[in-house]
Amino acid sequence: MIILRTINDVCRYVSEQRDHGASVGLVPTMGALHEGHISLVEKSVSENTVTVVSVFVNPTQFNNPADLASYPRKEEDDIRLLAAAGASAVFVPSVEEIYPGGTEVQEPHVFDLGMAAEVMEGKYRPGHFQGVAQIVSKLFRIVMPDRAYFGEKDFQQIAVIRNMIKSEGIDVDIVACPIKRADDGLALSSRNALLSPEERKVAPEIHAALKDSVEYSFSHSVQATHDTVVERINAIPHLDVEYFEIVDARTLAAIDEWEESPWVVGCITVYCGKVRLIDNIAYRLPK
Ligand code: PAF
């Protein structure tokens, strides 16, 4: 596996590979890699000649400076894991390489991300999706992948990125990959490393509440299903629901009745102590 630190080096590497007829998969990450990321890399390796993984903690998508400062960084471990997973190249740029002159001074382009970016994470993390669109579009323009791989834990992010490529006219296949969970059900996330042992013990209750609510939803209304999840989670010490929305997965608009969409997903964000965890569950899937 080759380690690339500059945009020029990535462009040269990818163009050489393309000259040899390679197809290119891109796995954008912020590092502190876990099995969820590795599953994306393995899928890309199985579907492309070359897999480029980016490891970059993107400052412009953090609306909270403390969150950016505490985000876990494990470059050496990441490089070792990626080599073992069969990645062809890892792109580990500096902030200066991606944002020459700094992130503040630039006149940012405003992306048209549609309504999908206004709700849920968009409401609670103002500017977050503009930052995601900024870095992901840059990576797409640098690597020009055939396919790009994202985890469904960030269900809303995938919808927003699909809107971004449409409005920016970027030609890439977005491949959504299933959530990876620990044995106790907790969705794998780089942020899990920030949980205290006590918090880690209760965090799986988020998925447990969501999972049990699927059965409940077959005989209860959307509102009752929403409330049972929120009440159950909020009753557990250390856990505090920021939002839970039951939405039409195609538009991310909140629904009032199950019949409103053939594809319904519940998206949740819960503070576990100071750590912000997200998860989601499908209530209805298209046949
Ligand atoms: O999902 C993430 O880790 C980040 O939002 C992404 C897509 C790598 C952009 O920084």
# chains A, B, ... in the order shown; residues from 1 in each chain; ligands from 1

$ residues_near_ligand --ligand "ligand 1" --cutoff "9 Å" --atoms "only C-alpha atoms and all ligand atoms" --output "VMD selection string"
chain A and resid 27 to 31 37 54 to 61 128 to 129 131 to 136 150 to 151 153 to 154 157 to 158 161 190

$ residues_around --residues "A:Glu76" --least-positions-apart "6" --cutoff "12 Å" --atoms "only C-alpha atoms" --output "PDB file with N, CA, C and O atoms, in the first residue's frame"
ATOM      1  N   ILE A   3       1.504   5.313   0.546  1.00  0.00           N
ATOM      2  CA  ILE A   3       1.000   6.413   1.386  1.00  0.00           C
ATOM      3  C   ILE A   3       1.204   7.727   0.636  1.00  0.00           C
ATOM      4  O   ILE A   3       2.334   8.057   0.234  1.00  0.00           O
ATOM      5  N   GLY A  31     -10.519   8.556   9.738  1.00  0.00           N
ATOM      6  CA  GLY A  31      -9.551   7.792  10.525  1.00  0.00           C
ATOM      7  C   GLY A  31     -10.150   7.206  11.785  1.00  0.00           C
ATOM      8  O   GLY A  31     -11.364   7.091  11.917  1.00  0.00           O
ATOM      9  N   ALA A  32      -9.252   6.820  12.744  1.00  0.00           N
ATOM     10  CA  ALA A  32      -9.649   6.065  13.942  1.00  0.00           C
ATOM     11  C   ALA A  32     -10.510   4.888  13.469  1.00  0.00           C
ATOM     12  O   ALA A  32     -11.645   4.692  13.908  1.00  0.00           O
ATOM     13  N   LEU A  33      -9.933   4.133  12.577  1.00  0.00           N
ATOM     14  CA  LEU A  33     -10.701   3.131  11.820  1.00  0.00           C
ATOM     15  C   LEU A  33     -11.126   1.944  12.683  1.00  0.00           C
ATOM     16  O   LEU A  33     -10.406   1.529  13.592  1.00  0.00           O
ATOM     17  N   VAL A  55      -7.860   9.514   4.765  1.00  0.00           N
ATOM     18  CA  VAL A  55      -7.911   9.648   6.220  1.00  0.00           C
ATOM     19  C   VAL A  55      -7.675  11.127   6.520  1.00  0.00           C
ATOM     20  O   VAL A  55      -6.559  11.625   6.392  1.00  0.00           O
ATOM     21  N   LEU A  82      -5.314  -0.572   7.146  1.00  0.00           N
ATOM     22  CA  LEU A  82      -5.665  -0.433   5.725  1.00  0.00           C
ATOM     23  C   LEU A  82      -4.793  -1.328   4.850  1.00  0.00           C
ATOM     24  O   LEU A  82      -5.280  -1.927   3.885  1.00  0.00           O
ATOM     25  N   ALA A  83      -3.511  -1.426   5.208  1.00  0.00           N
ATOM     26  CA  ALA A  83      -2.618  -2.307   4.443  1.00  0.00           C
ATOM     27  C   ALA A  83      -3.119  -3.745   4.558  1.00  0.00           C
ATOM     28  O   ALA A  83      -3.218  -4.469   3.563  1.00  0.00           O
ATOM     29  N   VAL A  90      -3.374   5.037   0.573  1.00  0.00           N
ATOM     30  CA  VAL A  90      -4.042   5.853   1.578  1.00  0.00           C
ATOM     31  C   VAL A  90      -3.611   7.295   1.368  1.00  0.00           C
ATOM     32  O   VAL A  90      -2.426   7.578   1.170  1.00  0.00           O
ATOM     33  N   VAL A  92      -3.394  10.760   3.100  1.00  0.00           N
ATOM     34  CA  VAL A  92      -3.408  11.366   4.442  1.00  0.00           C
ATOM     35  C   VAL A  92      -2.904  12.805   4.315  1.00  0.00           C
ATOM     36  O   VAL A  92      -1.742  13.092   4.602  1.00  0.00           O
TER      37      VAL A  92
END

$ residues_around --residues "A:Ala117" --least-positions-apart "6" --cutoff "10 Å" --atoms "only C-alpha atoms" --output "ChimeraX atom specification"
/A:123,126-130,156-157,159-161,163-164,252

$ write_last_selection --atoms "C-alpha atoms" --output "PDB file, in the first residue's frame"
ATOM      1  CA  LYS A 123     -30.906  21.172  12.322  1.00  0.00           C
ATOM      2  CA  PRO A 126     -25.631  23.891  11.511  1.00  0.00           C
ATOM      3  CA  GLY A 127     -23.085  23.948   8.688  1.00  0.00           C
ATOM      4  CA  HIS A 128     -22.150  20.287   9.179  1.00  0.00           C
ATOM      5  CA  PHE A 129     -23.383  19.050   5.817  1.00  0.00           C
ATOM      6  CA  GLN A 130     -21.912  22.010   3.930  1.00  0.00           C
ATOM      7  CA  GLN A 156     -28.630  11.062   6.312  1.00  0.00           C
ATOM      8  CA  GLN A 157     -25.084  11.758   5.120  1.00  0.00           C
ATOM      9  CA  ALA A 159     -28.778  11.075   1.156  1.00  0.00           C
ATOM     10  CA  VAL A 160     -27.021  14.448   1.317  1.00  0.00           C
ATOM     11  CA  ILE A 161     -24.018  13.212  -0.681  1.00  0.00           C
ATOM     12  CA  ASN A 163     -27.987  15.264  -3.580  1.00  0.00           C
ATOM     13  CA  MET A 164     -24.561  16.923  -3.699  1.00  0.00           C
ATOM     14  CA  LEU A 252     -36.012  12.221   5.046  1.00  0.00           C
TER      15      LEU A 252
END

$ atom_distance --atom1 "atom CA of A:Thr51" --atom2 "atom CA of A:Leu81"
13.8 Å

$ residues_around --residues "A:Ser213" --least-positions-apart "5" --cutoff "9 Å" --atoms "only C-alpha atoms" --output "NGL selection string"
:A and (208 or 218 or 225-226 or 228-229 or 283)

$ write_last_selection --atoms "C-alpha atoms" --output "PDB file, in the first residue's frame"
ATOM      1  CA  ALA A 208     -31.829  -2.457  21.823  1.00  0.00           C
ATOM      2  CA  PHE A 218     -46.569  -3.200  13.801  1.00  0.00           C
ATOM      3  CA  THR A 225     -43.357   4.176  18.515  1.00  0.00           C
ATOM      4  CA  HIS A 226     -41.385   7.407  18.663  1.00  0.00           C
ATOM      5  CA  THR A 228     -41.597   4.462  23.497  1.00  0.00           C
ATOM      6  CA  VAL A 229     -38.040   4.692  22.096  1.00  0.00           C
ATOM      7  CA  TYR A 283     -39.236   0.110  10.192  1.00  0.00           C
TER       8      TYR A 283
END

$ closest_residue --among "A:Glu168, A:Asp67, A:Glu75, A:Glu118" --to "A:Thr251" --atoms "only C-alpha atoms"
A:Glu118

$ residues_around --residues "A:Ile2" --least-positions-apart "6" --cutoff "12 Å" --atoms "only C-alpha atoms" --output "list in words"
Asp9, Val10, Tyr13, Val14, Val50, Thr51, Val52, Val53, Ser54, Ile79, Arg80, Leu82, Ala83, Gly86, Ala87, Ser88, Ala89, Val90, Phe91 and Val92 of chain A

$ write_last_selection --atoms "N, CA and C atoms" --output "PDB file, in the first residue's frame"
ATOM      1  N   ASP A   9       0.292  14.078  -5.741  1.00  0.00           N
ATOM      2  CA  ASP A   9       0.689  12.655  -5.719  1.00  0.00           C
ATOM      3  C   ASP A   9      -0.519  11.747  -5.965  1.00  0.00           C
ATOM      4  N   VAL A  10      -1.673  12.129  -5.398  1.00  0.00           N
ATOM      5  CA  VAL A  10      -2.877  11.293  -5.605  1.00  0.00           C
ATOM      6  C   VAL A  10      -3.271  11.344  -7.079  1.00  0.00           C
ATOM      7  N   TYR A  13      -0.916   9.245  -9.091  1.00  0.00           N
ATOM      8  CA  TYR A  13      -1.117   7.819  -8.830  1.00  0.00           C
ATOM      9  C   TYR A  13      -2.373   7.312  -9.554  1.00  0.00           C
ATOM     10  N   VAL A  14      -3.472   8.059  -9.401  1.00  0.00           N
ATOM     11  CA  VAL A  14      -4.741   7.598  -9.985  1.00  0.00           C
ATOM     12  C   VAL A  14      -4.638   7.613 -11.512  1.00  0.00           C
ATOM     13  N   VAL A  50      -8.438  -0.769  -7.971  1.00  0.00           N
ATOM     14  CA  VAL A  50      -7.633   0.025  -7.045  1.00  0.00           C
ATOM     15  C   VAL A  50      -8.565   0.644  -6.003  1.00  0.00           C
ATOM     16  N   THR A  51      -8.158   0.598  -4.720  1.00  0.00           N
ATOM     17  CA  THR A  51      -8.947   1.251  -3.666  1.00  0.00           C
ATOM     18  C   THR A  51      -8.099   2.314  -2.985  1.00  0.00           C
ATOM     19  N   VAL A  52      -8.601   3.550  -3.038  1.00  0.00           N
ATOM     20  CA  VAL A  52      -7.938   4.662  -2.344  1.00  0.00           C
ATOM     21  C   VAL A  52      -8.773   4.982  -1.105  1.00  0.00           C
ATOM     22  N   VAL A  53      -8.101   5.056   0.049  1.00  0.00           N
ATOM     23  CA  VAL A  53      -8.792   5.421   1.288  1.00  0.00           C
ATOM     24  C   VAL A  53      -8.250   6.775   1.739  1.00  0.00           C
ATOM     25  N   SER A  54      -9.142   7.729   2.014  1.00  0.00           N
ATOM     26  CA  SER A  54      -8.660   8.998   2.557  1.00  0.00           C
ATOM     27  C   SER A  54      -8.858   9.002   4.064  1.00  0.00           C
ATOM     28  N   ILE A  79      -3.048   3.139   9.194  1.00  0.00           N
ATOM     29  CA  ILE A  79      -2.262   2.719   8.029  1.00  0.00           C
ATOM     30  C   ILE A  79      -2.037   1.200   8.070  1.00  0.00           C
ATOM     31  N   ARG A  80      -1.770   0.695   9.260  1.00  0.00           N
ATOM     32  CA  ARG A  80      -1.555  -0.759   9.414  1.00  0.00           C
ATOM     33  C   ARG A  80      -2.834  -1.528   9.043  1.00  0.00           C
ATOM     34  N   LEU A  82      -5.314  -0.572   7.146  1.00  0.00           N
ATOM     35  CA  LEU A  82      -5.665  -0.433   5.725  1.00  0.00           C
ATOM     36  C   LEU A  82      -4.793  -1.328   4.850  1.00  0.00           C
ATOM     37  N   ALA A  83      -3.511  -1.426   5.208  1.00  0.00           N
ATOM     38  CA  ALA A  83      -2.618  -2.307   4.443  1.00  0.00           C
ATOM     39  C   ALA A  83      -3.119  -3.745   4.558  1.00  0.00           C
ATOM     40  N   GLY A  86      -6.095  -4.627   2.385  1.00  0.00           N
ATOM     41  CA  GLY A  86      -5.892  -4.702   0.933  1.00  0.00           C
ATOM     42  C   GLY A  86      -6.078  -3.392   0.193  1.00  0.00           C
ATOM     43  N   ALA A  87      -6.119  -2.261   0.922  1.00  0.00           N
ATOM     44  CA  ALA A  87      -6.215  -0.962   0.231  1.00  0.00           C
ATOM     45  C   ALA A  87      -4.965  -0.775  -0.629  1.00  0.00           C
ATOM     46  N   SER A  88      -5.128  -0.077  -1.760  1.00  0.00           N
ATOM     47  CA  SER A  88      -3.980   0.145  -2.651  1.00  0.00           C
ATOM     48  C   SER A  88      -3.214   1.387  -2.228  1.00  0.00           C
ATOM     49  N   ALA A  89      -3.951   2.408  -1.776  1.00  0.00           N
ATOM     50  CA  ALA A  89      -3.308   3.678  -1.424  1.00  0.00           C
ATOM     51  C   ALA A  89      -4.093   4.340  -0.316  1.00  0.00           C
ATOM     52  N   VAL A  90      -3.374   5.037   0.573  1.00  0.00           N
ATOM     53  CA  VAL A  90      -4.042   5.853   1.578  1.00  0.00           C
ATOM     54  C   VAL A  90      -3.611   7.295   1.368  1.00  0.00           C
ATOM     55  N   PHE A  91      -4.603   8.176   1.369  1.00  0.00           N
ATOM     56  CA  PHE A  91      -4.348   9.609   1.187  1.00  0.00           C
ATOM     57  C   PHE A  91      -4.512  10.260   2.552  1.00  0.00           C
ATOM     58  N   VAL A  92      -3.394  10.760   3.100  1.00  0.00           N
ATOM     59  CA  VAL A  92      -3.408  11.366   4.442  1.00  0.00           C
ATOM     60  C   VAL A  92      -2.904  12.805   4.315  1.00  0.00           C
TER      61      VAL A  92
END

$ atom_distance --atom1 "atom CA of A:Glu242" --atom2 "atom CA of A:Leu40"
27.9 Å

$ select_by_dssp --residues "stretch 56-282 of chain A" --states "strand (DSSP E or B)" --output "ChimeraX atom specification"
/A:89-91,147-151,173-177,181,187,239-248,254,264-272,275-282

$ atom_distance --atom1 "atom CA of A:Thr269" --atom2 "atom CA of A:Val41"
25.7 Å

$ select_by_dssp --residues "stretch 228-257 of chain A" --states "helix (DSSP H, G or I)" --output "VMD selection string"
chain A and resid 228 to 234

$ closest_residue --among "A:Ser137, A:Asn280, A:Ser261, A:Ser189" --to "A:Ile206" --atoms "only C-alpha atoms"
A:Asn280

$ residues_around --residues "A:Glu35" --least-positions-apart "5" --cutoff "9 Å" --atoms "only C-alpha atoms" --output "list in words"
Leu40, Lys180, Arg181 and Leu188 of chain A

$ decode --residues "stretch 29-40 of chain A" --atoms "N, CA, C and O atoms" --output "mmCIF file, in the first residue's frame"
data_model
loop_
_atom_site.group_PDB
_atom_site.id
_atom_site.type_symbol
_atom_site.label_atom_id
_atom_site.label_comp_id
_atom_site.auth_asym_id
_atom_site.auth_seq_id
_atom_site.Cartn_x
_atom_site.Cartn_y
_atom_site.Cartn_z
ATOM 1 N N THR A 29 -12.712 8.611 4.826
ATOM 2 C CA THR A 29 -12.848 8.391 6.272
ATOM 3 C C THR A 29 -12.213 9.554 7.031
ATOM 4 O O THR A 29 -11.459 10.332 6.460
ATOM 5 N N MET A 30 -12.530 9.595 8.326
ATOM 6 C CA MET A 30 -11.832 10.548 9.199
ATOM 7 C C MET A 30 -10.890 9.784 10.136
ATOM 8 O O MET A 30 -10.508 10.292 11.201
ATOM 9 N N GLY A 31 -10.519 8.556 9.738
ATOM 10 C CA GLY A 31 -9.551 7.792 10.525
ATOM 11 C C GLY A 31 -10.150 7.206 11.785
ATOM 12 O O GLY A 31 -11.364 7.091 11.917
ATOM 13 N N ALA A 32 -9.252 6.820 12.744
ATOM 14 C CA ALA A 32 -9.649 6.065 13.942
ATOM 15 C C ALA A 32 -10.510 4.888 13.469
ATOM 16 O O ALA A 32 -11.645 4.692 13.908
ATOM 17 N N LEU A 33 -9.933 4.133 12.577
ATOM 18 C CA LEU A 33 -10.701 3.131 11.820
ATOM 19 C C LEU A 33 -11.126 1.944 12.683
ATOM 20 O O LEU A 33 -10.406 1.529 13.592
ATOM 21 N N HIS A 34 -12.291 1.423 12.364
ATOM 22 C CA HIS A 34 -12.811 0.244 13.047
ATOM 23 C C HIS A 34 -13.342 -0.718 11.979
ATOM 24 O O HIS A 34 -13.247 -0.435 10.775
ATOM 25 N N GLU A 35 -13.944 -1.818 12.444
ATOM 26 C CA GLU A 35 -14.392 -2.850 11.493
ATOM 27 C C GLU A 35 -15.416 -2.332 10.484
ATOM 28 O O GLU A 35 -15.543 -2.877 9.393
ATOM 29 N N GLY A 36 -16.171 -1.310 10.879
ATOM 30 C CA GLY A 36 -17.141 -0.723 9.934
ATOM 31 C C GLY A 36 -16.400 -0.162 8.726
ATOM 32 O O GLY A 36 -16.751 -0.447 7.571
ATOM 33 N N HIS A 37 -15.357 0.635 8.993
ATOM 34 C CA HIS A 37 -14.573 1.196 7.877
ATOM 35 C C HIS A 37 -13.928 0.068 7.056
ATOM 36 O O HIS A 37 -13.894 0.128 5.830
ATOM 37 N N ILE A 38 -13.413 -0.922 7.788
ATOM 38 C CA ILE A 38 -12.692 -1.997 7.079
ATOM 39 C C ILE A 38 -13.661 -2.749 6.156
ATOM 40 O O ILE A 38 -13.287 -3.167 5.059
ATOM 41 N N SER A 39 -14.927 -2.882 6.575
ATOM 42 C CA SER A 39 -15.898 -3.561 5.699
ATOM 43 C C SER A 39 -16.114 -2.752 4.411
ATOM 44 O O SER A 39 -16.319 -3.322 3.337
ATOM 45 N N LEU A 40 -16.039 -1.409 4.506
ATOM 46 C CA LEU A 40 -16.168 -0.583 3.292
ATOM 47 C C LEU A 40 -14.956 -0.804 2.382
ATOM 48 O O LEU A 40 -15.084 -0.915 1.155
#
